[in-house]
2 protein chains.
Amino acid sequence: MKVLIEGLSDTFDNRVRLGVMSMLMVNDWVEFTTFKTMLDLTDGRLASHLKVLEGEAYIEVQKQFIGRKPNTSYRATALGRKAFNDHLDALEKLLNLRNQNGPAAVEKKED
Amino acid sequence: MKVLIEGLSDTFDNRVRLGVMSMLMVNDWVEFTTFKTMLDLTDGRLASHLKVLEGEAYIEVQKQFIGRKPNTSYRATALGRKAFNDHLDALEKLLNLRNQNGPAAVEKKED
DNA sequence: TTGAAGTACTTTGAAACACAAAGTTACTTT
DNA sequence: AAAGTAACTTTGTGTTTCAAAGTACTTCAA
């Protein structure tokens with residue numbers, strides 16, 4: 001029998017990307033600066049992870065001006081939502097081990 | 001406001017270590033070979049991650065002979081259980097963003 | 001008794017990843 | 001003119017991770 005830790009996604013292994021996606025699951029458009037303050041990140045660190053998510057087509061960007069200031073906002077794509085939910089399902093399945101004696105429980109051996 | 005992704009533990013970032021700890025939450029003693037087959041790992045990869053967990057004193061080892069064969073088993077220490085539960089709590093708090101409109105929900109801005 | 005397989009590692013080396021810090025572009029505000 | 005805001009990119013360094021191979025000892029089957 002296998003526990004299949006490989007069902008987890010490499011993309012969401014990282015905690016910044018996990019935080020970003022989490023926020024995008026409940027909020028339609030989220031601004032760069034909002035991520036920055038809520039996740040307490042530097043510009044560079046945030047930008048690099050957003051770029052990865054964009055590269056996977058898990059999020060999309062909107063650039064506009066609000067008043068006279070530039071504004072960059074992001075939202076999750078359908079693909080991104082699916083991938084993230086799949087990841088969370090795999091995670092949940094793995095972690096359910098701790099809560100109940102499900103089928104994943106292992107036979108003991110006597111000393 | 002912050003989402004505090006830093007509440008997560010570096011030790012449990014890795015999926016192998018996550019799988020190992022998960023198994024040790026529901027099973028008292030788990031054998032090396034059991035981890036190996038259930039998590040589908042090479043000896044080396046498994047051994048290295050077990051060593052990290054042992055280094056943190058999150059798991060402890062028992063070496064014995066079963067019949068005439070050597071046997072290595074592991075179990076979680078009290079410290080390990082606490083650290084893992086704390087990690088999962090942080091994870092849960094982060095991921096609850098996706099399920100409800102809790103205090104973590106972010107104000108929207110109009111286009 | 002030879003040799004394959006089991007058990008549990010350690011070592012090595014290379015690739016991937018992540019981050020801080022600094023630099024950049026193009027504005028706007030004072 | 002100088003400082004500030006927004007959103008990056010680049011660079012360099014350190015860390016992590018893994019596959020692959022090597023080690024050491026034992027059992028088991030032919």
# chains A, B, ... in the order shown; residues from 1 in each chain; ligands from 1
>>> interface_residues(of="chain C", to="chain B", cutoff="9 Å", atoms="only C-alpha atoms (C1' of nucleotides)", output="list in words")
DG6, DT7, DA8, DC9 and DT10 of chain C
>>> write_last_selection(atoms="N, CA, C and O atoms (P, O5', C5', C4', C3', O3' and C1' of nucleotides)", output="PDB file, in the first residue's frame")
ATOM      1  P    DG C   6      14.995  -9.081  -1.933  1.00  0.00           P
ATOM      2  O5'  DG C   6      15.357  -8.836  -0.404  1.00  0.00           O
ATOM      3  C5'  DG C   6      15.199  -9.900   0.518  1.00  0.00           C
ATOM      4  C4'  DG C   6      15.710  -9.436   1.880  1.00  0.00           C
ATOM      5  C3'  DG C   6      15.228  -8.044   2.291  1.00  0.00           C
ATOM      6  O3'  DG C   6      14.832  -8.134   3.644  1.00  0.00           O
ATOM      7  C1'  DG C   6      17.583  -8.134   2.401  1.00  0.00           C
ATOM      8  P    DT C   7      13.951  -7.003   4.323  1.00  0.00           P
ATOM      9  O5'  DT C   7      15.076  -6.162   5.076  1.00  0.00           O
ATOM     10  C5'  DT C   7      15.766  -6.738   6.175  1.00  0.00           C
ATOM     11  C4'  DT C   7      16.709  -5.713   6.762  1.00  0.00           C
ATOM     12  C3'  DT C   7      16.169  -4.272   6.786  1.00  0.00           C
ATOM     13  O3'  DT C   7      16.216  -3.793   8.100  1.00  0.00           O
ATOM     14  C1'  DT C   7      18.365  -4.346   5.895  1.00  0.00           C
ATOM     15  P    DA C   8      15.501  -2.421   8.447  1.00  0.00           P
ATOM     16  O5'  DA C   8      16.754  -1.454   8.357  1.00  0.00           O
ATOM     17  C5'  DA C   8      17.877  -1.697   9.200  1.00  0.00           C
ATOM     18  C4'  DA C   8      19.015  -0.790   8.789  1.00  0.00           C
ATOM     19  C3'  DA C   8      18.630   0.689   8.632  1.00  0.00           C
ATOM     20  O3'  DA C   8      19.536   1.479   9.381  1.00  0.00           O
ATOM     21  C1'  DA C   8      19.918  -0.021   6.843  1.00  0.00           C
ATOM     22  P    DC C   9      19.077   2.884   9.936  1.00  0.00           P
ATOM     23  O5'  DC C   9      19.058   3.780   8.613  1.00  0.00           O
ATOM     24  C5'  DC C   9      20.094   4.691   8.231  1.00  0.00           C
ATOM     25  C4'  DC C   9      21.426   4.011   7.968  1.00  0.00           C
ATOM     26  C3'  DC C   9      22.460   5.004   7.465  1.00  0.00           C
ATOM     27  O3'  DC C   9      23.223   5.475   8.555  1.00  0.00           O
ATOM     28  C1'  DC C   9      22.452   2.987   6.147  1.00  0.00           C
ATOM     29  P    DT C  10      23.717   6.976   8.482  1.00  0.00           P
ATOM     30  O5'  DT C  10      24.900   6.880   7.426  1.00  0.00           O
ATOM     31  C5'  DT C  10      26.073   6.115   7.717  1.00  0.00           C
ATOM     32  C4'  DT C  10      27.093   6.383   6.620  1.00  0.00           C
ATOM     33  C3'  DT C  10      27.410   7.871   6.424  1.00  0.00           C
ATOM     34  O3'  DT C  10      28.828   7.979   6.324  1.00  0.00           O
ATOM     35  C1'  DT C  10      26.638   6.927   4.376  1.00  0.00           C
TER      36       DT C  10
END
>>> interface_residues(of="chain D", to="chain A", cutoff="8 Å", atoms="only C-alpha atoms (C1' of nucleotides)", output="short mmCIF file (atom, residue, chain, number, x, y, z; two decimals) with N, CA, C and O atoms (P, O5', C5', C4', C3', O3' and C1' of nucleotides), in the first residue's frame")
data_model
loop_
_atom_site.label_atom_id
_atom_site.label_comp_id
_atom_site.auth_asym_id
_atom_site.auth_seq_id
_atom_site.Cartn_x
_atom_site.Cartn_y
_atom_site.Cartn_z
P DA D 6 2.37 52.76 -2.80
"O5'" DA D 6 2.80 52.04 -4.14
"C5'" DA D 6 2.35 52.52 -5.39
"C4'" DA D 6 2.90 51.64 -6.48
"C3'" DA D 6 2.92 50.15 -6.14
"O3'" DA D 6 2.20 49.47 -7.15
"C1'" DA D 6 5.01 50.84 -6.98
P DA D 7 1.87 47.96 -7.03
"O5'" DA D 7 3.08 47.37 -7.88
"C5'" DA D 7 3.20 47.74 -9.25
"C4'" DA D 7 4.50 47.20 -9.79
"C3'" DA D 7 4.73 45.70 -9.51
"O3'" DA D 7 5.11 45.07 -10.72
"C1'" DA D 7 6.63 46.95 -9.00
P DC D 8 4.79 43.58 -10.97
"O5'" DC D 8 5.82 42.81 -10.06
"C5'" DC D 8 7.14 42.34 -10.39
"C4'" DC D 8 8.03 43.32 -11.10
"C3'" DC D 8 9.33 42.66 -11.50
"O3'" DC D 8 9.29 42.32 -12.86
"C1'" DC D 8 9.71 44.76 -10.40
#
>>> calpha_fit_and_write(fixed="chain A", moving="chain B", output="mmCIF file with N, CA and C atoms, in the first residue's frame")
data_model
loop_
_atom_site.group_PDB
_atom_site.id
_atom_site.type_symbol
_atom_site.label_atom_id
_atom_site.label_comp_id
_atom_site.auth_asym_id
_atom_site.auth_seq_id
_atom_site.Cartn_x
_atom_site.Cartn_y
_atom_site.Cartn_z
ATOM 1 N N MET B 1 0.959 -1.307 0.122
ATOM 2 C CA MET B 1 0.112 -0.097 0.096
ATOM 3 C C MET B 1 0.978 1.168 0.097
ATOM 4 N N LYS B 2 0.449 2.190 -0.497
ATOM 5 C CA LYS B 2 1.218 3.424 -0.579
ATOM 6 C C LYS B 2 0.465 4.607 0.018
ATOM 7 N N VAL B 3 1.202 5.576 0.458
ATOM 8 C CA VAL B 3 0.605 6.787 1.006
ATOM 9 C C VAL B 3 0.632 7.930 -0.021
ATOM 10 N N LEU B 4 1.415 7.716 -1.068
ATOM 11 C CA LEU B 4 1.428 8.659 -2.194
ATOM 12 C C LEU B 4 1.651 10.117 -1.834
ATOM 13 N N ILE B 5 2.795 10.385 -1.264
ATOM 14 C CA ILE B 5 3.136 11.780 -1.017
ATOM 15 C C ILE B 5 3.426 12.522 -2.313
ATOM 16 N N GLU B 6 3.534 11.780 -3.397
ATOM 17 C CA GLU B 6 3.837 12.428 -4.670
ATOM 18 C C GLU B 6 2.589 13.041 -5.311
ATOM 19 N N GLY B 7 1.459 12.866 -4.685
ATOM 20 C CA GLY B 7 0.249 13.522 -5.176
ATOM 21 C C GLY B 7 0.273 15.024 -4.924
ATOM 22 N N LEU B 8 1.207 15.439 -4.087
ATOM 23 C CA LEU B 8 1.343 16.862 -3.776
ATOM 24 C C LEU B 8 2.036 17.595 -4.926
ATOM 25 N N SER B 9 1.703 18.845 -5.087
ATOM 26 C CA SER B 9 2.256 19.628 -6.188
ATOM 27 C C SER B 9 3.516 20.395 -5.795
ATOM 28 N N ASP B 10 4.518 20.329 -6.640
ATOM 29 C CA ASP B 10 5.762 21.054 -6.402
ATOM 30 C C ASP B 10 5.509 22.552 -6.282
ATOM 31 N N THR B 11 4.605 23.022 -7.100
ATOM 32 C CA THR B 11 4.339 24.458 -7.129
ATOM 33 C C THR B 11 3.858 24.981 -5.776
ATOM 34 N N PHE B 12 3.075 24.190 -5.093
ATOM 35 C CA PHE B 12 2.501 24.663 -3.827
ATOM 36 C C PHE B 12 3.290 24.198 -2.608
ATOM 37 N N ASP B 13 4.438 23.622 -2.851
ATOM 38 C CA ASP B 13 5.334 23.239 -1.768
ATOM 39 C C ASP B 13 5.785 24.460 -0.992
ATOM 40 N N ASN B 14 6.020 25.515 -1.727
ATOM 41 C CA ASN B 14 6.560 26.722 -1.114
ATOM 42 C C ASN B 14 5.506 27.492 -0.327
ATOM 43 N N ARG B 15 5.899 27.980 0.834
ATOM 44 C CA ARG B 15 4.912 28.602 1.714
ATOM 45 C C ARG B 15 4.410 29.951 1.224
ATOM 46 N N VAL B 16 5.244 30.672 0.475
ATOM 47 C CA VAL B 16 4.777 31.940 -0.083
ATOM 48 C C VAL B 16 3.697 31.671 -1.125
ATOM 49 N N ARG B 17 3.984 30.707 -2.002
ATOM 50 C CA ARG B 17 3.006 30.389 -3.047
ATOM 51 C C ARG B 17 1.739 29.803 -2.429
ATOM 52 N N LEU B 18 1.898 29.089 -1.364
ATOM 53 C CA LEU B 18 0.738 28.550 -0.638
ATOM 54 C C LEU B 18 -0.113 29.687 -0.089
ATOM 55 N N GLY B 19 0.554 30.659 0.508
ATOM 56 C CA GLY B 19 -0.162 31.804 1.066
ATOM 57 C C GLY B 19 -0.863 32.629 0.001
ATOM 58 N N VAL B 20 -0.178 32.840 -1.097
ATOM 59 C CA VAL B 20 -0.755 33.607 -2.200
ATOM 60 C C VAL B 20 -2.017 32.928 -2.715
ATOM 61 N N MET B 21 -1.916 31.635 -2.998
ATOM 62 C CA MET B 21 -3.065 30.917 -3.547
ATOM 63 C C MET B 21 -4.217 30.884 -2.552
ATOM 64 N N SER B 22 -3.873 30.718 -1.305
ATOM 65 C CA SER B 22 -4.892 30.698 -0.264
ATOM 66 C C SER B 22 -5.694 31.985 -0.265
ATOM 67 N N MET B 23 -4.991 33.083 -0.370
ATOM 68 C CA MET B 23 -5.669 34.380 -0.397
ATOM 69 C C MET B 23 -6.517 34.536 -1.651
ATOM 70 N N LEU B 24 -6.026 33.970 -2.743
ATOM 71 C CA LEU B 24 -6.758 34.116 -4.006
ATOM 72 C C LEU B 24 -7.970 33.188 -4.102
ATOM 73 N N MET B 25 -8.078 32.255 -3.170
ATOM 74 C CA MET B 25 -9.254 31.385 -3.182
ATOM 75 C C MET B 25 -10.482 32.098 -2.626
ATOM 76 N N VAL B 26 -10.257 33.069 -1.748
ATOM 77 C CA VAL B 26 -11.404 33.783 -1.166
ATOM 78 C C VAL B 26 -11.553 35.217 -1.652
ATOM 79 N N ASN B 27 -10.516 35.722 -2.328
ATOM 80 C CA ASN B 27 -10.595 37.089 -2.828
ATOM 81 C C ASN B 27 -10.388 37.103 -4.323
ATOM 82 N N ASP B 28 -11.268 37.791 -5.031
ATOM 83 C CA ASP B 28 -11.201 37.790 -6.482
ATOM 84 C C ASP B 28 -9.898 38.419 -6.960
ATOM 85 N N TRP B 29 -9.771 39.732 -6.786
ATOM 86 C CA TRP B 29 -8.536 40.407 -7.165
ATOM 87 C C TRP B 29 -7.793 40.837 -5.911
ATOM 88 N N VAL B 30 -6.515 40.508 -5.852
ATOM 89 C CA VAL B 30 -5.696 40.921 -4.713
ATOM 90 C C VAL B 30 -4.489 41.702 -5.229
ATOM 91 N N GLU B 31 -4.209 42.820 -4.572
ATOM 92 C CA GLU B 31 -3.115 43.687 -5.015
ATOM 93 C C GLU B 31 -1.742 43.217 -4.535
ATOM 94 N N PHE B 32 -0.758 43.596 -5.302
ATOM 95 C CA PHE B 32 0.636 43.300 -4.959
ATOM 96 C C PHE B 32 0.952 43.735 -3.532
ATOM 97 N N THR B 33 0.586 44.949 -3.213
ATOM 98 C CA THR B 33 0.907 45.475 -1.879
ATOM 99 C C THR B 33 0.152 44.761 -0.760
ATOM 100 N N THR B 34 -1.017 44.257 -1.094
ATOM 101 C CA THR B 34 -1.782 43.513 -0.083
ATOM 102 C C THR B 34 -1.086 42.206 0.275
ATOM 103 N N PHE B 35 -0.644 41.495 -0.757
ATOM 104 C CA PHE B 35 0.141 40.296 -0.511
ATOM 105 C C PHE B 35 1.356 40.645 0.332
ATOM 106 N N LYS B 36 2.003 41.721 -0.076
ATOM 107 C CA LYS B 36 3.258 42.106 0.557
ATOM 108 C C LYS B 36 3.094 42.323 2.065
ATOM 109 N N THR B 37 2.053 43.057 2.428
ATOM 110 C CA THR B 37 1.883 43.340 3.861
ATOM 111 C C THR B 37 1.299 42.147 4.607
ATOM 112 N N MET B 38 0.351 41.446 3.996
ATOM 113 C CA MET B 38 -0.273 40.337 4.717
ATOM 114 C C MET B 38 0.654 39.147 4.895
ATOM 115 N N LEU B 39 1.501 38.916 3.917
ATOM 116 C CA LEU B 39 2.421 37.782 4.017
ATOM 117 C C LEU B 39 3.794 38.214 4.532
ATOM 118 N N ASP B 40 3.939 39.506 4.707
ATOM 119 C CA ASP B 40 5.183 40.078 5.240
ATOM 120 C C ASP B 40 6.415 39.704 4.418
ATOM 121 N N LEU B 41 6.390 40.136 3.163
ATOM 122 C CA LEU B 41 7.446 39.759 2.230
ATOM 123 C C LEU B 41 8.133 40.976 1.643
ATOM 124 N N THR B 42 9.358 40.763 1.168
ATOM 125 C CA THR B 42 10.026 41.811 0.394
ATOM 126 C C THR B 42 9.455 41.812 -1.019
ATOM 127 N N ASP B 43 9.630 42.922 -1.719
ATOM 128 C CA ASP B 43 9.159 43.020 -3.096
ATOM 129 C C ASP B 43 9.707 41.886 -3.959
ATOM 130 N N GLY B 44 10.999 41.705 -3.847
ATOM 131 C CA GLY B 44 11.665 40.726 -4.687
ATOM 132 C C GLY B 44 11.176 39.315 -4.467
ATOM 133 N N ARG B 45 11.061 38.969 -3.204
ATOM 134 C CA ARG B 45 10.622 37.613 -2.882
ATOM 135 C C ARG B 45 9.206 37.382 -3.401
ATOM 136 N N LEU B 46 8.331 38.331 -3.146
ATOM 137 C CA LEU B 46 6.953 38.207 -3.609
ATOM 138 C C LEU B 46 6.884 38.136 -5.120
ATOM 139 N N ALA B 47 7.575 39.067 -5.781
ATOM 140 C CA ALA B 47 7.529 39.123 -7.247
ATOM 141 C C ALA B 47 7.975 37.808 -7.869
ATOM 142 N N SER B 48 9.026 37.217 -7.315
ATOM 143 C CA SER B 48 9.551 35.993 -7.912
ATOM 144 C C SER B 48 8.546 34.842 -7.812
ATOM 145 N N HIS B 49 7.848 34.774 -6.687
ATOM 146 C CA HIS B 49 6.884 33.683 -6.536
ATOM 147 C C HIS B 49 5.625 33.913 -7.368
ATOM 148 N N LEU B 50 5.226 35.165 -7.486
ATOM 149 C CA LEU B 50 4.086 35.480 -8.348
ATOM 150 C C LEU B 50 4.405 35.099 -9.799
ATOM 151 N N LYS B 51 5.653 35.320 -10.150
ATOM 152 C CA LYS B 51 6.077 34.993 -11.503
ATOM 153 C C LYS B 51 5.989 33.487 -11.774
ATOM 154 N N VAL B 52 6.352 32.709 -10.790
ATOM 155 C CA VAL B 52 6.244 31.250 -10.937
ATOM 156 C C VAL B 52 4.783 30.853 -11.147
ATOM 157 N N LEU B 53 3.905 31.392 -10.318
ATOM 158 C CA LEU B 53 2.478 31.059 -10.424
ATOM 159 C C LEU B 53 1.908 31.527 -11.764
ATOM 160 N N GLU B 54 2.387 32.671 -12.216
ATOM 161 C CA GLU B 54 1.930 33.172 -13.507
ATOM 162 C C GLU B 54 2.458 32.278 -14.630
ATOM 163 N N GLY B 55 3.681 31.822 -14.483
ATOM 164 C CA GLY B 55 4.281 30.926 -15.470
ATOM 165 C C GLY B 55 3.497 29.631 -15.629
ATOM 166 N N GLU B 56 2.914 29.172 -14.529
ATOM 167 C CA GLU B 56 2.099 27.957 -14.565
ATOM 168 C C GLU B 56 0.673 28.258 -15.026
ATOM 169 N N ALA B 57 0.393 29.521 -15.247
ATOM 170 C CA ALA B 57 -0.961 29.975 -15.604
ATOM 171 C C ALA B 57 -1.962 29.693 -14.488
ATOM 172 N N TYR B 58 -1.467 29.748 -13.267
ATOM 173 C CA TYR B 58 -2.339 29.543 -12.109
ATOM 174 C C TYR B 58 -2.945 30.866 -11.633
ATOM 175 N N ILE B 59 -2.308 31.955 -12.011
ATOM 176 C CA ILE B 59 -2.847 33.278 -11.680
ATOM 177 C C ILE B 59 -2.728 34.185 -12.904
ATOM 178 N N GLU B 60 -3.538 35.237 -12.923
ATOM 179 C CA GLU B 60 -3.420 36.212 -14.011
ATOM 180 C C GLU B 60 -3.316 37.616 -13.423
ATOM 181 N N VAL B 61 -2.741 38.513 -14.220
ATOM 182 C CA VAL B 61 -2.395 39.840 -13.739
ATOM 183 C C VAL B 61 -3.275 40.904 -14.375
ATOM 184 N N GLN B 62 -3.496 41.966 -13.620
ATOM 185 C CA GLN B 62 -4.175 43.131 -14.163
ATOM 186 C C GLN B 62 -3.385 44.360 -13.729
ATOM 187 N N LYS B 63 -2.981 45.143 -14.704
ATOM 188 C CA LYS B 63 -2.245 46.367 -14.387
ATOM 189 C C LYS B 63 -3.100 47.568 -14.751
ATOM 190 N N GLN B 64 -3.222 48.475 -13.814
ATOM 191 C CA GLN B 64 -4.062 49.657 -14.058
ATOM 192 C C GLN B 64 -3.558 50.806 -13.185
ATOM 193 N N PHE B 65 -4.220 51.942 -13.345
ATOM 194 C CA PHE B 65 -3.937 53.047 -12.443
ATOM 195 C C PHE B 65 -5.137 53.273 -11.550
ATOM 196 N N ILE B 66 -4.859 53.423 -10.268
ATOM 197 C CA ILE B 66 -5.927 53.773 -9.339
ATOM 198 C C ILE B 66 -5.594 55.181 -8.880
ATOM 199 N N GLY B 67 -6.470 56.109 -9.214
ATOM 200 C CA GLY B 67 -6.114 57.503 -9.021
ATOM 201 C C GLY B 67 -4.960 57.763 -9.965
ATOM 202 N N ARG B 68 -3.830 58.105 -9.432
ATOM 203 C CA ARG B 68 -2.691 58.370 -10.302
ATOM 204 C C ARG B 68 -1.561 57.388 -10.037
ATOM 205 N N LYS B 69 -1.878 56.380 -9.217
ATOM 206 C CA LYS B 69 -0.824 55.421 -8.865
ATOM 207 C C LYS B 69 -0.970 54.123 -9.632
ATOM 208 N N PRO B 70 0.154 53.533 -9.986
ATOM 209 C CA PRO B 70 0.116 52.234 -10.654
ATOM 210 C C PRO B 70 -0.363 51.172 -9.663
ATOM 211 N N ASN B 71 -1.073 50.206 -10.207
ATOM 212 C CA ASN B 71 -1.627 49.161 -9.344
ATOM 213 C C ASN B 71 -1.556 47.829 -10.086
ATOM 214 N N THR B 72 -1.041 46.825 -9.391
ATOM 215 C CA THR B 72 -0.977 45.490 -9.983
ATOM 216 C C THR B 72 -1.798 44.551 -9.122
ATOM 217 N N SER B 73 -2.731 43.876 -9.747
ATOM 218 C CA SER B 73 -3.577 42.935 -9.020
ATOM 219 C C SER B 73 -3.538 41.564 -9.689
ATOM 220 N N TYR B 74 -3.858 40.569 -8.885
ATOM 221 C CA TYR B 74 -3.796 39.184 -9.354
ATOM 222 C C TYR B 74 -5.070 38.449 -8.988
ATOM 223 N N ARG B 75 -5.414 37.493 -9.833
ATOM 224 C CA ARG B 75 -6.465 36.572 -9.413
ATOM 225 C C ARG B 75 -6.157 35.173 -9.901
ATOM 226 N N ALA B 76 -6.779 34.195 -9.277
ATOM 227 C CA ALA B 76 -6.552 32.809 -9.658
ATOM 228 C C ALA B 76 -7.311 32.485 -10.935
ATOM 229 N N THR B 77 -6.679 31.705 -11.794
ATOM 230 C CA THR B 77 -7.370 31.204 -12.982
ATOM 231 C C THR B 77 -8.128 29.933 -12.609
ATOM 232 N N ALA B 78 -8.988 29.479 -13.508
ATOM 233 C CA ALA B 78 -9.719 28.227 -13.257
ATOM 234 C C ALA B 78 -8.719 27.082 -13.070
ATOM 235 N N LEU B 79 -7.686 27.090 -13.910
ATOM 236 C CA LEU B 79 -6.626 26.071 -13.812
ATOM 237 C C LEU B 79 -5.953 26.107 -12.450
ATOM 238 N N GLY B 80 -5.664 27.315 -11.998
ATOM 239 C CA GLY B 80 -5.018 27.482 -10.702
ATOM 240 C C GLY B 80 -5.884 26.969 -9.560
ATOM 241 N N ARG B 81 -7.147 27.272 -9.629
ATOM 242 C CA ARG B 81 -8.072 26.802 -8.585
ATOM 243 C C ARG B 81 -8.124 25.284 -8.542
ATOM 244 N N LYS B 82 -8.177 24.702 -9.722
ATOM 245 C CA LYS B 82 -8.244 23.244 -9.776
ATOM 246 C C LYS B 82 -6.972 22.614 -9.207
ATOM 247 N N ALA B 83 -5.840 23.135 -9.656
ATOM 248 C CA ALA B 83 -4.555 22.587 -9.200
ATOM 249 C C ALA B 83 -4.407 22.732 -7.695
ATOM 250 N N PHE B 84 -4.843 23.874 -7.193
ATOM 251 C CA PHE B 84 -4.709 24.107 -5.754
ATOM 252 C C PHE B 84 -5.633 23.180 -4.962
ATOM 253 N N ASN B 85 -6.836 23.038 -5.435
ATOM 254 C CA ASN B 85 -7.761 22.131 -4.758
ATOM 255 C C ASN B 85 -7.267 20.690 -4.772
ATOM 256 N N ASP B 86 -6.703 20.283 -5.884
ATOM 257 C CA ASP B 86 -6.138 18.940 -5.966
ATOM 258 C C ASP B 86 -5.015 18.755 -4.949
ATOM 259 N N HIS B 87 -4.190 19.778 -4.863
ATOM 260 C CA HIS B 87 -3.092 19.737 -3.904
ATOM 261 C C HIS B 87 -3.622 19.605 -2.478
ATOM 262 N N LEU B 88 -4.630 20.401 -2.173
ATOM 263 C CA LEU B 88 -5.173 20.373 -0.825
ATOM 264 C C LEU B 88 -5.845 19.037 -0.519
ATOM 265 N N ASP B 89 -6.449 18.455 -1.524
ATOM 266 C CA ASP B 89 -7.050 17.141 -1.328
ATOM 267 C C ASP B 89 -5.986 16.107 -0.977
ATOM 268 N N ALA B 90 -4.878 16.161 -1.710
ATOM 269 C CA ALA B 90 -3.782 15.228 -1.442
ATOM 270 C C ALA B 90 -3.234 15.434 -0.031
ATOM 271 N N LEU B 91 -3.132 16.689 0.338
ATOM 272 C CA LEU B 91 -2.625 17.040 1.661
ATOM 273 C C LEU B 91 -3.566 16.515 2.743
ATOM 274 N N GLU B 92 -4.827 16.737 2.501
ATOM 275 C CA GLU B 92 -5.835 16.314 3.464
ATOM 276 C C GLU B 92 -5.827 14.799 3.643
ATOM 277 N N LYS B 93 -5.712 14.106 2.545
ATOM 278 C CA LYS B 93 -5.692 12.646 2.586
ATOM 279 C C LYS B 93 -4.498 12.163 3.401
ATOM 280 N N LEU B 94 -3.363 12.811 3.166
ATOM 281 C CA LEU B 94 -2.149 12.461 3.897
ATOM 282 C C LEU B 94 -2.307 12.721 5.388
ATOM 283 N N LEU B 95 -2.889 13.848 5.698
ATOM 284 C CA LEU B 95 -2.942 14.264 7.103
ATOM 285 C C LEU B 95 -4.073 13.613 7.878
ATOM 286 N N ASN B 96 -5.032 13.076 7.173
ATOM 287 C CA ASN B 96 -6.118 12.376 7.852
ATOM 288 C C ASN B 96 -5.607 11.183 8.644
ATOM 289 N N LEU B 97 -4.414 10.766 8.319
ATOM 290 C CA LEU B 97 -3.762 9.697 9.073
ATOM 291 C C LEU B 97 -3.753 9.988 10.561
ATOM 292 N N ARG B 98 -3.602 11.252 10.882
ATOM 293 C CA ARG B 98 -3.428 11.587 12.302
ATOM 294 C C ARG B 98 -4.739 11.611 13.063
ATOM 295 N N ASN B 99 -5.852 11.733 12.338
ATOM 296 C CA ASN B 99 -7.130 11.934 13.025
ATOM 297 C C ASN B 99 -7.921 10.665 13.281
ATOM 298 N N GLN B 100 -7.789 9.713 12.378
ATOM 299 C CA GLN B 100 -8.625 8.529 12.537
ATOM 300 C C GLN B 100 -7.817 7.291 12.213
ATOM 301 N N ASN B 101 -8.343 6.164 12.583
ATOM 302 C CA ASN B 101 -7.706 4.929 12.171
ATOM 303 C C ASN B 101 -8.307 4.471 10.863
ATOM 304 N N GLY B 102 -7.941 5.133 9.813
ATOM 305 C CA GLY B 102 -8.469 4.817 8.494
ATOM 306 C C GLY B 102 -7.709 3.658 7.884
ATOM 307 N N PRO B 103 -7.848 3.462 6.592
ATOM 308 C CA PRO B 103 -7.177 2.367 5.899
ATOM 309 C C PRO B 103 -5.667 2.546 5.866
ATOM 310 N N ALA B 104 -5.212 3.729 6.211
ATOM 311 C CA ALA B 104 -3.774 3.990 6.146
ATOM 312 C C ALA B 104 -3.026 3.519 7.391
ATOM 313 N N ALA B 105 -3.782 3.147 8.415
ATOM 314 C CA ALA B 105 -3.143 2.702 9.654
ATOM 315 C C ALA B 105 -2.319 1.443 9.382
ATOM 316 N N VAL B 106 -1.218 1.352 10.098
ATOM 317 C CA VAL B 106 -0.225 0.311 9.833
ATOM 318 C C VAL B 106 -0.256 -0.745 10.931
ATOM 319 N N GLU B 107 -0.035 -1.968 10.525
ATOM 320 C CA GLU B 107 0.003 -3.052 11.510
ATOM 321 C C GLU B 107 1.175 -2.849 12.467
ATOM 322 N N LYS B 108 0.941 -3.160 13.708
ATOM 323 C CA LYS B 108 2.023 -3.061 14.689
ATOM 324 C C LYS B 108 2.774 -4.377 14.807
ATOM 325 N N LYS B 109 3.965 -4.264 15.319
ATOM 326 C CA LYS B 109 4.748 -5.472 15.595
ATOM 327 C C LYS B 109 5.130 -5.474 17.076
ATOM 328 N N GLU B 110 5.035 -6.657 17.689
ATOM 329 C CA GLU B 110 5.350 -6.734 19.122
ATOM 330 C C GLU B 110 6.855 -6.685 19.340
ATOM 331 N N ASP B 111 7.279 -6.242 20.501
ATOM 332 C CA ASP B 111 8.716 -6.200 20.829
ATOM 333 C C ASP B 111 9.238 -7.613 21.083
#
>>> atom_distance(atom1="atom C1' of D:DT15", atom2="atom C1' of C:DT11")
18.3 Å
>>> residues_around(residues="C:DG3", least_positions_apart="4", cutoff="12 Å", atoms="only C-alpha atoms (C1' of nucleotides)", output="list in words")
DT27, DC28, DA29 and DA30 of chain D
>>> write_last_selection(atoms="N, CA, C and O atoms (P, O5', C5', C4', C3', O3' and C1' of nucleotides)", output="CSV table (one decimal), in the first residue's frame")
chain,number,residue,atom,x,y,z
D,27,DT,P,22.0,-14.2,10.2
D,27,DT,O5',21.0,-14.5,9.0
D,27,DT,C5',19.8,-13.7,8.8
D,27,DT,C4',19.3,-14.1,7.4
D,27,DT,C3',18.9,-15.5,7.2
D,27,DT,O3',17.6,-15.6,6.7
D,27,DT,C1',20.2,-14.7,5.4
D,28,DC,P,16.7,-16.9,6.9
D,28,DC,O5',16.6,-17.4,5.4
D,28,DC,C5',16.3,-16.4,4.4
D,28,DC,C4',16.8,-17.0,3.0
D,28,DC,C3',16.5,-18.5,2.9
D,28,DC,O3',15.8,-18.7,1.6
D,28,DC,C1',18.7,-17.9,2.2
D,29,DA,P,14.9,-20.0,1.5
D,29,DA,O5',15.1,-20.2,-0.1
D,29,DA,C5',15.5,-19.2,-0.9
D,29,DA,C4',16.4,-19.7,-2.0
D,29,DA,C3',16.2,-21.2,-2.4
D,29,DA,O3',16.1,-21.3,-3.8
D,29,DA,C1',18.5,-20.7,-1.9
D,30,DA,P,16.3,-22.6,-4.6
D,30,DA,O5',17.9,-22.5,-4.9
D,30,DA,C5',18.3,-21.7,-6.0
D,30,DA,C4',19.5,-22.3,-6.6
D,30,DA,C3',19.3,-23.7,-7.2
D,30,DA,O3',20.0,-23.9,-8.4
D,30,DA,C1',21.0,-23.7,-5.4
